[in-house]
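Shown here: structure-v8.tsv, TSV, C-alpha atoms.
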chain	number	residue	atom	x	y	z
U	1404	MET	CA	0.00	0.00	0.00
U	1405	ILE	CA	2.83	2.37	0.95
U	1406	GLN	CA	4.70	1.39	-2.20
U	1407	ALA	CA	1.69	2.12	-4.38
U	1408	ASP	CA	1.36	5.47	-2.65
U	1409	GLN	CA	4.97	6.34	-3.37
U	1410	ALA	CA	4.66	5.27	-6.96
U	1411	GLU	CA	1.61	7.48	-7.31
U	1412	ARG	CA	3.45	10.48	-5.94
U	1413	LEU	CA	6.45	9.84	-8.20
U	1414	HIS	CA	4.11	9.52	-11.12
U	1415	GLU	CA	2.43	12.79	-10.24
U	1416	THR	CA	5.72	14.71	-10.40
U	1417	ASP	CA	7.37	12.79	-13.22
U	1418	ILE	CA	5.68	14.59	-16.09
U	1419	SER	CA	6.85	16.70	-18.98
U	1420	PRO	CA	5.84	20.28	-19.56
U	1421	GLY	CA	2.51	20.33	-21.37
U	1422	ASP	CA	1.49	17.03	-19.76
U	1423	ASP	CA	0.66	18.67	-16.45
U	1424	ARG	CA	-2.93	19.37	-15.51
U	1425	PRO	CA	-3.95	22.86	-16.67
U	1426	ASP	CA	-5.28	25.37	-14.14
U	1427	ARG	CA	-8.53	27.31	-14.32
U	1428	SER	CA	-7.31	30.10	-16.62
U	1429	GLU	CA	-5.90	27.57	-19.07
U	1430	ILE	CA	-9.26	25.75	-19.16
U	1431	ALA	CA	-11.04	29.02	-19.91
U	1432	HIS	CA	-8.43	29.77	-22.59
U	1433	GLY	CA	-9.00	26.35	-24.18
U	1434	LEU	CA	-12.78	26.71	-24.13
U	1435	ILE	CA	-12.60	30.17	-25.70
U	1436	GLY	CA	-10.31	28.77	-28.42
U	1437	TYR	CA	-12.79	26.03	-29.33
U	1438	ALA	CA	-15.71	28.49	-29.20
U	1439	VAL	CA	-13.95	30.95	-31.52
U	1440	GLY	CA	-13.08	28.10	-33.89
U	1441	LEU	CA	-16.68	26.88	-33.90
U	1442	ALA	CA	-18.03	30.39	-34.55
U	1443	LEU	CA	-15.64	30.99	-37.46
U	1444	ALA	CA	-16.28	27.54	-38.95
U	1445	VAL	CA	-20.08	27.95	-38.73
U	1446	LEU	CA	-19.83	31.39	-40.31
U	1447	LEU	CA	-17.68	30.13	-43.20
U	1448	SER	CA	-19.99	27.13	-43.74
U	1449	ILE	CA	-23.08	29.35	-43.86
U	1450	VAL	CA	-21.38	31.66	-46.36
U	1451	SER	CA	-20.41	28.61	-48.47
U	1452	PHE	CA	-23.96	27.27	-48.57
U	1453	PHE	CA	-25.31	30.75	-49.30
U	1454	VAL	CA	-22.82	31.41	-52.12
U	1455	ALA	CA	-23.56	28.02	-53.71
U	1456	ARG	CA	-27.26	28.85	-54.18
U	1457	THR	CA	-27.20	32.59	-54.69
U	1458	SER	CA	-27.84	34.32	-57.98
U	1459	LEU	CA	-26.52	37.65	-56.72
U	1460	VAL	CA	-22.97	37.18	-57.98
U	1461	TRP	CA	-21.45	36.43	-61.37
U	1462	GLN	CA	-21.96	32.67	-61.75
U	1463	PRO	CA	-18.49	31.62	-63.01
U	1464	SER	CA	-16.93	33.13	-59.87
U	1465	ILE	CA	-18.86	30.79	-57.55
U	1466	PRO	CA	-16.53	27.73	-57.72
U	1467	ILE	CA	-13.52	29.94	-56.98
U	1468	ALA	CA	-15.34	31.56	-54.04
U	1469	LEU	CA	-16.30	28.11	-52.71
U	1470	PHE	CA	-12.69	26.93	-53.02
U	1471	VAL	CA	-11.36	29.96	-51.13
U	1472	LEU	CA	-14.00	29.57	-48.40
U	1473	ALA	CA	-13.15	25.86	-48.01
U	1474	VAL	CA	-9.42	26.59	-47.70
U	1475	ALA	CA	-10.17	29.28	-45.11
U	1476	GLN	CA	-12.36	26.91	-43.13
U	1477	ILE	CA	-9.74	24.15	-43.25
U	1478	GLY	CA	-7.25	26.70	-41.91
U	1479	VAL	CA	-9.62	27.57	-39.06
U	1480	HIS	CA	-10.00	23.87	-38.21
U	1481	LEU	CA	-6.23	23.33	-38.25
U	1482	VAL	CA	-5.52	26.29	-35.98
U	1483	PHE	CA	-8.40	26.13	-33.49
U	1484	PHE	CA	-9.23	22.40	-33.38
U	1485	VAL	CA	-6.07	20.48	-34.35
U	1486	HIS	CA	-3.86	23.16	-32.70
U	1487	ILE	CA	-1.25	23.46	-35.41
U	1488	THR	CA	0.83	26.40	-34.19
U	1489	THR	CA	4.10	28.10	-35.04
U	1490	GLY	CA	5.62	26.97	-31.73
U	1491	PRO	CA	8.95	25.12	-31.68
U	1492	ASP	CA	7.35	21.80	-30.61
U	1493	ASN	CA	5.08	22.05	-33.66
U	1494	THR	CA	7.74	22.47	-36.36
U	1495	ASN	CA	7.64	18.78	-37.27
U	1496	ASN	CA	3.84	18.84	-37.53
U	1497	VAL	CA	3.94	21.88	-39.81
U	1498	MET	CA	6.59	20.32	-42.06
U	1499	ALA	CA	4.59	17.08	-42.30
U	1500	LEU	CA	1.48	19.10	-43.12
U	1501	ALA	CA	3.34	21.02	-45.84
U	1502	PHE	CA	4.50	17.74	-47.39
U	1503	GLY	CA	0.97	16.33	-47.18
U	1504	VAL	CA	-0.46	19.41	-48.90
U	1505	LEU	CA	2.16	19.07	-51.65
U	1506	ILE	CA	1.20	15.43	-52.29
U	1507	VAL	CA	-2.52	16.24	-52.23
U	1508	PHE	CA	-1.98	19.07	-54.72
U	1509	LEU	CA	0.12	16.87	-57.05
U	1510	VAL	CA	-2.42	14.01	-56.97
U	1511	ILE	CA	-5.52	16.15	-57.55
U	1512	ALA	CA	-4.16	18.80	-59.92
U	1513	GLY	CA	-2.07	16.23	-61.82
U	1514	SER	CA	-5.01	13.86	-62.29
U	1515	LEU	CA	-7.37	16.62	-63.44
U	1516	TRP	CA	-4.75	18.07	-65.81
U	1517	ILE	CA	-3.75	14.75	-67.40
U	1518	MET	CA	-7.32	13.51	-67.81
U	1519	SER	CA	-8.54	16.78	-69.33
U	1520	GLU	CA	-5.60	16.73	-71.81
U	1521	LEU	CA	-6.47	13.15	-72.75
U	1522	ASN	CA	-10.12	14.11	-73.19
U	1523	ALA	CA	-9.15	17.04	-75.40
U	1524	ASN	CA	-6.93	14.83	-77.56
U	1525	MET	CA	-9.66	12.21	-77.89
U	1526	ALA	CA	-12.00	14.67	-79.64
U	1527	LEU	CA	-10.86	14.89	-83.24
U	1528	PRO	CA	-11.84	17.94	-85.33
U	1529	MET	CA	-14.84	17.40	-87.57
U	1530	ASN	CA	-12.96	17.58	-90.91
U	1531	GLU	CA	-10.50	14.94	-89.65
U	1532	LEU	CA	-13.45	12.68	-88.96
U	1533	MET	CA	-14.84	13.33	-92.43
U	1534	ARG	CA	-11.53	12.42	-94.06
U	1535	MET	CA	-11.42	9.17	-92.10
U	1536	GLN	CA	-14.73	8.03	-93.63
U	1537	PRO	CA	-14.18	5.51	-96.45
M	1143	MET	CA	17.86	1.44	-17.11
M	1144	SER	CA	20.84	3.45	-18.29
M	1145	GLY	CA	22.11	3.66	-14.72
M	1146	ALA	CA	22.76	-0.08	-14.64
M	1147	GLN	CA	24.84	0.19	-17.82
M	1148	ALA	CA	26.78	3.32	-16.93
M	1149	GLY	CA	29.46	1.72	-14.72
M	1150	THR	CA	30.18	-1.40	-16.75
M	1151	GLY	CA	32.88	0.09	-18.99
M	1152	ILE	CA	33.20	0.03	-22.77
M	1153	SER	CA	33.45	-3.38	-24.34
M	1154	PRO	CA	35.67	-3.62	-27.46
M	1155	ALA	CA	32.81	-5.02	-29.49
M	1156	ASP	CA	30.70	-1.94	-28.82
M	1157	PRO	CA	33.06	1.05	-28.70
M	1158	TYR	CA	30.36	3.64	-29.20
M	1159	ARG	CA	27.96	2.03	-26.70
M	1160	ILE	CA	25.15	2.03	-29.21
M	1161	GLY	CA	21.86	1.45	-27.49
M	1162	HIS	CA	23.35	1.70	-24.01
M	1163	TYR	CA	22.38	5.30	-23.59
M	1164	ALA	CA	25.39	6.04	-21.34
M	1165	GLY	CA	25.92	9.50	-22.76
M	1166	PHE	CA	22.83	10.69	-20.99
M	1167	ARG	CA	24.55	10.22	-17.61
M	1168	GLN	CA	27.99	11.52	-18.65
M	1169	GLY	CA	27.67	15.27	-18.79
M	1170	THR	CA	25.26	15.66	-21.69
M	1171	ALA	CA	22.11	15.36	-19.62
M	1172	VAL	CA	21.16	18.97	-20.29
M	1173	HIS	CA	21.66	18.52	-24.01
M	1174	ALA	CA	19.64	15.29	-24.03
M	1175	ALA	CA	16.81	16.83	-22.01
M	1176	ARG	CA	16.58	19.61	-24.57
M	1177	GLU	CA	16.57	17.13	-27.45
M	1178	LEU	CA	13.89	14.77	-26.13
M	1179	ALA	CA	10.36	15.98	-26.73
M	1180	SER	CA	7.66	14.85	-24.33
M	1181	LYS	CA	5.97	11.58	-25.16
M	1182	ARG	CA	2.71	13.41	-25.80
M	1183	VAL	CA	4.35	15.49	-28.53
M	1184	ILE	CA	5.98	12.42	-30.11
M	1185	VAL	CA	2.74	10.40	-30.08
M	1186	GLY	CA	0.83	13.34	-31.53
M	1187	TYR	CA	3.42	13.69	-34.30
M	1188	GLY	CA	3.29	10.00	-35.21
M	1189	PHE	CA	-0.50	10.03	-35.34
M	1190	TRP	CA	-0.44	13.24	-37.38
M	1191	ILE	CA	1.71	11.41	-39.97
M	1192	PHE	CA	-0.96	8.68	-40.14
M	1193	LEU	CA	-3.71	11.28	-40.51
M	1194	LEU	CA	-1.83	12.98	-43.37
M	1195	SER	CA	-1.48	9.61	-45.11
M	1196	ASP	CA	-5.24	9.19	-44.68
M	1197	ILE	CA	-5.75	12.64	-46.24
M	1198	VAL	CA	-3.51	11.64	-49.17
M	1199	MET	CA	-5.69	8.52	-49.64
M	1200	PHE	CA	-8.79	10.73	-49.67
M	1201	SER	CA	-7.12	13.00	-52.22
M	1202	THR	CA	-7.00	10.09	-54.68
M	1203	PHE	CA	-10.77	9.61	-54.24
M	1204	PHE	CA	-11.28	13.35	-54.71
M	1205	ALA	CA	-9.15	13.23	-57.86
M	1206	SER	CA	-11.22	10.38	-59.30
M	1207	PHE	CA	-14.42	12.19	-58.38
M	1208	GLY	CA	-13.14	15.35	-60.08
M	1209	VAL	CA	-12.30	13.41	-63.24
M	1210	LEU	CA	-15.58	11.44	-63.31
M	1211	SER	CA	-18.05	14.05	-62.00
M	1212	GLY	CA	-19.34	14.82	-65.50
M	1213	GLN	CA	-19.61	11.17	-66.64
M	1214	THR	CA	-23.27	10.59	-65.82
M	1215	ALA	CA	-23.91	8.10	-68.67
M	1216	GLY	CA	-27.23	9.78	-69.43
M	1217	GLY	CA	-28.29	9.35	-65.81
M	1218	PRO	CA	-28.98	11.94	-63.13
M	1219	SER	CA	-26.30	14.52	-62.27
M	1220	GLY	CA	-25.49	16.08	-58.93
M	1221	LYS	CA	-27.86	18.95	-59.65
M	1222	ASP	CA	-30.79	16.52	-59.94
M	1223	LEU	CA	-29.88	14.45	-56.89
M	1224	PHE	CA	-28.35	16.51	-54.12
M	1225	ASN	CA	-30.50	17.87	-51.30
M	1226	LEU	CA	-28.45	20.72	-49.87
M	1227	THR	CA	-30.64	21.04	-46.75
M	1228	ASN	CA	-29.68	17.49	-45.83
M	1229	VAL	CA	-26.01	18.34	-46.44
M	1230	ALA	CA	-26.29	21.48	-44.28
M	1231	ILE	CA	-27.71	19.40	-41.40
M	1232	GLU	CA	-24.86	16.88	-41.77
M	1233	THR	CA	-22.32	19.74	-41.77
M	1234	ALA	CA	-23.83	21.22	-38.59
M	1235	CYS	CA	-23.72	17.79	-36.89
M	1236	LEU	CA	-20.02	17.35	-37.64
M	1237	LEU	CA	-19.08	20.94	-36.73
M	1238	PHE	CA	-20.77	20.78	-33.34
M	1239	SER	CA	-19.36	17.30	-32.70
M	1240	SER	CA	-15.89	18.74	-33.35
M	1241	PHE	CA	-16.57	21.42	-30.74
M	1242	THR	CA	-17.86	18.96	-28.13
M	1243	CYS	CA	-14.90	16.67	-28.85
M	1244	GLY	CA	-12.66	19.63	-28.01
M	1245	ILE	CA	-14.53	20.10	-24.72
M	1246	ALA	CA	-14.11	16.39	-23.97
M	1247	SER	CA	-10.35	16.64	-24.58
M	1248	ILE	CA	-10.13	19.58	-22.16
M	1249	GLY	CA	-12.12	17.47	-19.68
M	1250	ALA	CA	-9.65	14.60	-20.13
M	1251	ARG	CA	-6.66	16.86	-19.46
M	1252	THR	CA	-8.27	18.37	-16.35
M	1253	HIS	CA	-9.69	15.01	-15.15
M	1254	ASP	CA	-13.13	16.62	-15.20
M	1255	ASN	CA	-15.70	13.82	-15.44
M	1256	LEU	CA	-18.60	16.03	-16.47
M	1257	MET	CA	-16.69	17.68	-19.33
M	1258	TYR	CA	-15.12	14.42	-20.52
M	1259	TYR	CA	-18.10	12.03	-20.38
M	1260	GLY	CA	-20.60	14.76	-21.28
M	1261	GLY	CA	-18.49	15.96	-24.21
M	1262	MET	CA	-17.95	12.42	-25.48
M	1263	ALA	CA	-21.67	11.60	-25.16
M	1264	VAL	CA	-22.74	14.68	-27.14
M	1265	THR	CA	-20.02	13.97	-29.72
M	1266	PHE	CA	-21.38	10.44	-30.12
M	1267	VAL	CA	-24.95	11.70	-30.56
M	1268	PHE	CA	-23.89	14.24	-33.22
M	1269	GLY	CA	-21.71	11.68	-35.02
M	1270	ALA	CA	-24.51	9.10	-35.02
M	1271	SER	CA	-26.99	11.73	-36.31
M	1272	PHE	CA	-24.56	12.53	-39.12
M	1273	LEU	CA	-24.43	8.85	-40.05
M	1274	TYR	CA	-28.24	8.63	-39.92
M	1275	PHE	CA	-28.65	11.51	-42.40
M	1276	GLU	CA	-25.97	10.06	-44.68
M	1277	MET	CA	-27.58	6.59	-44.65
M	1278	HIS	CA	-30.95	8.24	-45.30
M	1279	GLU	CA	-29.50	9.99	-48.37
M	1280	PHE	CA	-27.77	6.83	-49.65
M	1281	VAL	CA	-30.92	4.72	-49.29
M	1282	GLY	CA	-32.97	7.41	-51.04
M	1283	LEU	CA	-30.52	7.54	-53.96
M	1284	ILE	CA	-30.41	3.76	-54.35
M	1285	LEU	CA	-34.22	3.47	-54.19
M	1286	GLN	CA	-34.64	6.01	-57.02
M	1287	GLY	CA	-32.25	3.97	-59.17
M	1288	ALA	CA	-29.22	6.22	-58.66
M	1289	GLY	CA	-27.03	3.64	-56.92
M	1290	PRO	CA	-23.28	3.34	-57.42
M	1291	GLU	CA	-23.75	1.07	-60.47
M	1292	ARG	CA	-25.74	3.69	-62.42
M	1293	SER	CA	-22.83	5.80	-63.73
M	1294	ALA	CA	-19.15	6.56	-63.21
M	1295	PHE	CA	-20.16	9.80	-61.50
M	1296	LEU	CA	-22.28	7.93	-58.95
M	1297	SER	CA	-19.58	5.28	-58.41
M	1298	ALA	CA	-17.09	8.01	-57.55
M	1299	PHE	CA	-19.67	9.79	-55.40
M	1300	PHE	CA	-20.50	6.72	-53.33
M	1301	THR	CA	-16.80	5.87	-52.98
M	1302	VAL	CA	-15.65	9.22	-51.61
M	1303	VAL	CA	-18.70	9.94	-49.43
M	1304	GLY	CA	-18.98	6.32	-48.27
M	1305	CYS	CA	-15.28	6.20	-47.34
M	1306	HIS	CA	-15.77	9.27	-45.17
M	1307	GLY	CA	-18.86	7.68	-43.60
M	1308	LEU	CA	-16.83	4.55	-42.89
M	1309	HIS	CA	-14.24	6.68	-41.10
M	1310	VAL	CA	-16.99	8.29	-39.01
M	1311	THR	CA	-18.31	4.81	-38.11
M	1312	LEU	CA	-14.85	3.68	-37.01
M	1313	GLY	CA	-14.43	6.96	-35.11
M	1314	LEU	CA	-17.66	6.30	-33.19
M	1315	MET	CA	-16.42	2.83	-32.21
M	1316	TRP	CA	-13.12	4.37	-31.11
M	1317	LEU	CA	-15.04	7.00	-29.12
M	1318	LEU	CA	-16.90	4.29	-27.18
M	1319	THR	CA	-13.60	2.47	-26.60
M	1320	MET	CA	-12.00	5.61	-25.16
M	1321	VAL	CA	-14.98	6.22	-22.86
M	1322	ALA	CA	-14.71	2.61	-21.60
M	1323	GLN	CA	-10.93	2.87	-21.13
M	1324	VAL	CA	-11.10	6.09	-19.12
M	1325	PHE	CA	-13.98	4.60	-17.12
M	1326	SER	CA	-12.07	1.43	-16.20
M	1327	LYS	CA	-8.45	2.67	-16.07
M	1328	GLY	CA	-8.83	6.33	-15.11
M	1329	TYR	CA	-7.02	9.37	-16.58
M	1330	ARG	CA	-3.64	7.63	-16.88
M	1331	PRO	CA	-1.01	9.34	-19.09
M	1332	ASP	CA	-1.08	6.54	-21.67
M	1333	ILE	CA	-4.89	6.65	-21.84
M	1334	LEU	CA	-4.77	10.44	-22.21
M	1335	ARG	CA	-2.44	10.05	-25.19
M	1336	ARG	CA	-5.03	7.76	-26.82
M	1337	VAL	CA	-7.72	10.37	-26.14
M	1338	LEU	CA	-5.45	12.94	-27.83
M	1339	CYS	CA	-5.12	10.69	-30.90
M	1340	PHE	CA	-8.87	10.15	-31.01
M	1341	SER	CA	-9.57	13.88	-30.88
M	1342	LEU	CA	-7.04	14.50	-33.68
M	1343	PHE	CA	-8.78	11.78	-35.74
M	1344	TRP	CA	-12.22	13.29	-35.15
M	1345	HIS	CA	-11.11	16.83	-36.06
M	1346	THR	CA	-9.46	15.50	-39.22
M	1347	LEU	CA	-12.72	13.84	-40.26
M	1348	ASP	CA	-14.33	17.26	-40.02
M	1349	ILE	CA	-11.58	18.77	-42.19
M	1350	ILE	CA	-12.19	16.10	-44.85
M	1351	TRP	CA	-15.92	16.81	-44.65
M	1352	VAL	CA	-15.25	20.51	-45.39
M	1353	ALA	CA	-13.48	19.53	-48.61
M	1354	LEU	CA	-16.22	17.00	-49.31
M	1355	PHE	CA	-19.27	19.24	-48.97
M	1356	THR	CA	-17.54	21.96	-50.98
M	1357	ILE	CA	-16.27	19.87	-53.90
M	1358	VAL	CA	-18.86	17.10	-54.09
M	1359	TYR	CA	-22.10	18.76	-52.99
M	1360	LEU	CA	-21.87	22.55	-53.43
M	1361	MET	CA	-19.86	22.52	-56.69
M	1362	GLY	CA	-21.77	19.43	-57.87
M	1363	ALA	CA	-25.17	21.02	-57.26
M	1364	GLY	CA	-24.10	24.16	-59.10
M	1365	GLN	CA	-23.03	22.39	-62.29

What would you get if you wrote out this structure as C-alpha cells?
Amino acid sequence: MIQADQAERLHETDISPGDDRPDRSEIAHGLIGYAVGLALAVLLSIVSFFVARTSLVWQPSIPIALFVLAVAQIGVHLVFFVHITTGPDNTNNVMALAFGVLIVFLVIAGSLWIMSELNANMALPMNELMRMQP
Amino acid sequence: MSGAQAGTGISPADPYRIGHYAGFRQGTAVHAARELASKRVIVGYGFWIFLLSDIVMFSTFFASFGVLSGQTAGGPSGKDLFNLTNVAIETACLLFSSFTCGIASIGARTHDNLMYYGGMAVTFVFGASFLYFEMHEFVGLILQGAGPERSAFLSAFFTVVGCHGLHVTLGLMWLLTMVAQVFSKGYRPDILRRVLCFSLFWHTLDIIWVALFTIVYLMGAGQ
C-alpha cells in the first residue's frame, strides 16, 4: 500500500511540460479557443452554402469563391481544433502538413490536368473525322 | 535502465555504446533533455503522420471524383440528386461534434468527469446523427435507381462519401472504446495520449468533410 502510494506520488511529479494538468485560466483559454473556432467555422460554412445557391454574384466566380472559403475553413479547423501552431514543438507537424499538402496538390491537380488533356486529344476535329470516312 | 549500464565500462565489441544510452549520464544530460520531446508530442506527431497519409488517400478519391463528375452516362447529375438542406444538417452535426470533442479533450486533461463524459456523449450523438442523415441519403438515392452502379459519376460519389462515412463509423467505435478505457483505467497518461489521438482523428474527419461538402455537394449542385 505504501509502495503504491509512493509510486503514485512519483508519477504525479514525473511529467513533462505540457502534460501537467492545466489550471482554471488555461481551461477558460481552451474553451474560448474552441468556441472561436466553432463560430468561425459555422460562419464560413453558412457563407459557403449561401454562395452556392445565390444568384446575386457572377456565376463563373462561384466555384472559386467556394474553393477559397473551403481553404479558409480548413485553416480555421487546423488552428483552433487540431492546434497546429508556429511553436517550436510544432515544427515537425507543420513540415509534415506542408508535405501532405504538396502530395494532395500533385495528386488532384495532376489527375485533373492529365485527364482533361487526354479528353481534349480524344475529340478529333470534324474535318478529320470526315476524311477518315471511307 | 541506463544507470545499470553506466558503470560497466566500454566493451571492445561496442566502442560507441550504441543502445546503451550512457551519454545521458555523462555530462550531456542537459543537451539530451533539450533534445527529447515529451511523449505526448511524439505520439501526436506519429499520429499526425498517419492522418496525413489518410488525407492523401482521400485525395485520390477526390481526384477520381473530379475526373468522373461529368460522366453521368445519361443518368442523373449532382444537380438533380443533391439535397443541400440534408447536407447542411450533416455539416452542422459534424461541426458541433468537433466542438464537443474539443470540450471532452479539455475534460480529459483536467480530469473533469462532467466535461469528458458529457463531451464524449454529445459527440457520439452528433456523429450518429450525421451517419443517420448520410444513410438516409444513400438509401434514397439507391431506391430512385441512382445507386453506385448507375454511372461513373455515382460510383465516384458513393466511394468518396462512403469512405468518409466509414471513417466516421470507425471513429464512433473508437469513441466508445475511449470512454470505456477512461472509465475502467482512469485518466492515466497513456490513456490520455489515446484520447489525444482520437480527438485529432475526429477533427481531421471534419476537415475532410469541409473539402467533401464543398467539392462534391456545393460545386456538384451548381453544375

(request) Enter the distance from atom CA of Ile1506 of chain U to atom CA of Val1198 of chain M, in Å, rounded to one decimal. (result) 6.8 Å

(message) as a list in words, please: the residues near segment 1343-1359 of chain M (cut-off 7 Å, all atoms listed in the file, same-chain neighbours under 6 positions excluded).
(response)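 Selected residues are Leu1469, Ala1473, Ile1477, His1480, Phe1484 and Val1485 of chain U; Leu1193, Phe1224, Leu1236, Leu1237, Ser1240 and Gly1313 of chain M.
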
(request) Quick one: pull the distance between atom CA of Tyr1259 of chain M and atom CA of Ser1341 of chain M, Å, one decimal. (result)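 Between atom CA of Tyr1259 of chain M and atom CA of Ser1341 of chain M the gap works out to 13.7 Å.
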
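Using only C-alpha atoms, the nearest neighbour of chain U within the list M:Thr1242, M:Thr1252, M:Asn1228, M:Gln1213 is M:Thr1252.
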
Dump as an mmCIF file with C-alpha atoms, in the coordinates of the input the residues of chain U that approach chain M to within 6 Å, counting all atoms listed in the file.
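To be explicit, this is the file written out as out33.cif:
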data_model
loop_
_atom_site.group_PDB
_atom_site.id
_atom_site.type_symbol
_atom_site.label_atom_id
_atom_site.label_comp_id
_atom_site.auth_asym_id
_atom_site.auth_seq_id
_atom_site.Cartn_x
_atom_site.Cartn_y
_atom_site.Cartn_z
ATOM 1 C CA SER U 1419 6.850 16.700 -18.980
ATOM 2 C CA ARG U 1424 -2.930 19.370 -15.510
ATOM 3 C CA ALA U 1455 -23.560 28.020 -53.710
ATOM 4 C CA ILE U 1477 -9.740 24.150 -43.250
ATOM 5 C CA GLY U 1503 0.970 16.330 -47.180
ATOM 6 C CA VAL U 1507 -2.520 16.240 -52.230
ATOM 7 C CA ILE U 1511 -5.520 16.150 -57.550
ATOM 8 C CA LEU U 1515 -7.370 16.620 -63.440
#

(message) Just the number, please: distance in Å from atom CA of Thr1488 of chain U to atom CA of Gly1440 of chain U, one decimal.
(response)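 Answer for the atom CA of Thr1488 of chain U to atom CA of Gly1440 of chain U separation: 14.0 Å.
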
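Closest approach to Leu1481 of chain U among U:Leu1447, U:Val1454, U:Met1535, U:Val1497: U:Val1497, based on only C-alpha atoms.
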
(message) Taking all atoms listed in the file into account, name the residue in M:Ser1271, M:Ser1326, M:Thr1319, M:Thr1265 that is nearest to Glu1232 of chain M.
(response)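 Closest candidate: M:Ser1271.
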
(message) If we draw a sphere of 10 Å around (-24.8, 11.5, -41.6), which residues have at least one atom in it when counting all atoms listed in the file? Please report them as a list in words.
(response) Asn1228, Val1229, Ile1231, Glu1232, Thr1233, Cys1235, Leu1236, Phe1268, Gly1269, Ala1270, Ser1271, Phe1272, Leu1273, Tyr1274, Phe1275, Glu1276, Met1277, His1278, Glu1279, Phe1280, His1306, Gly1307, Val1310 and Thr1311 of chain M

Residues at most 7 Å from segment 1442-1445 of chain U, counting all atoms listed in the file, excluding those fewer than 4 positions away in the same chain, as a compact mmCIF listing (two decimals) with C-alpha atoms, in the coordinates of the input?
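See around_3.txt below for the written result:
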# COMPACT_ATOMS: atom_id res chain seq x y z
CA ALA U 1438 -15.71 28.49 -29.20
CA ILE U 1449 -23.08 29.35 -43.86
CA GLN U 1476 -12.36 26.91 -43.13
CA VAL U 1479 -9.62 27.57 -39.06

Listed atoms of segment 1313-1328 of chain M boxed along x, y and z, 5 Å each side, centre and edge lengths in Å, one decimal, as AutoDock Vina command-line options:
--center_x -13.1 --center_y 4.2 --center_z -25.1 --size_x 19.2 --size_y 15.6 --size_z 30.0

(request) Pick out the closest residue to Leu1446 of chain U from this set: U:Leu1521, U:Val1460, U:Ala1501, U:Ala1475. Count all atoms listed in the file. (result)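 Closest residue, counting all atoms listed in the file: U:Ala1475.
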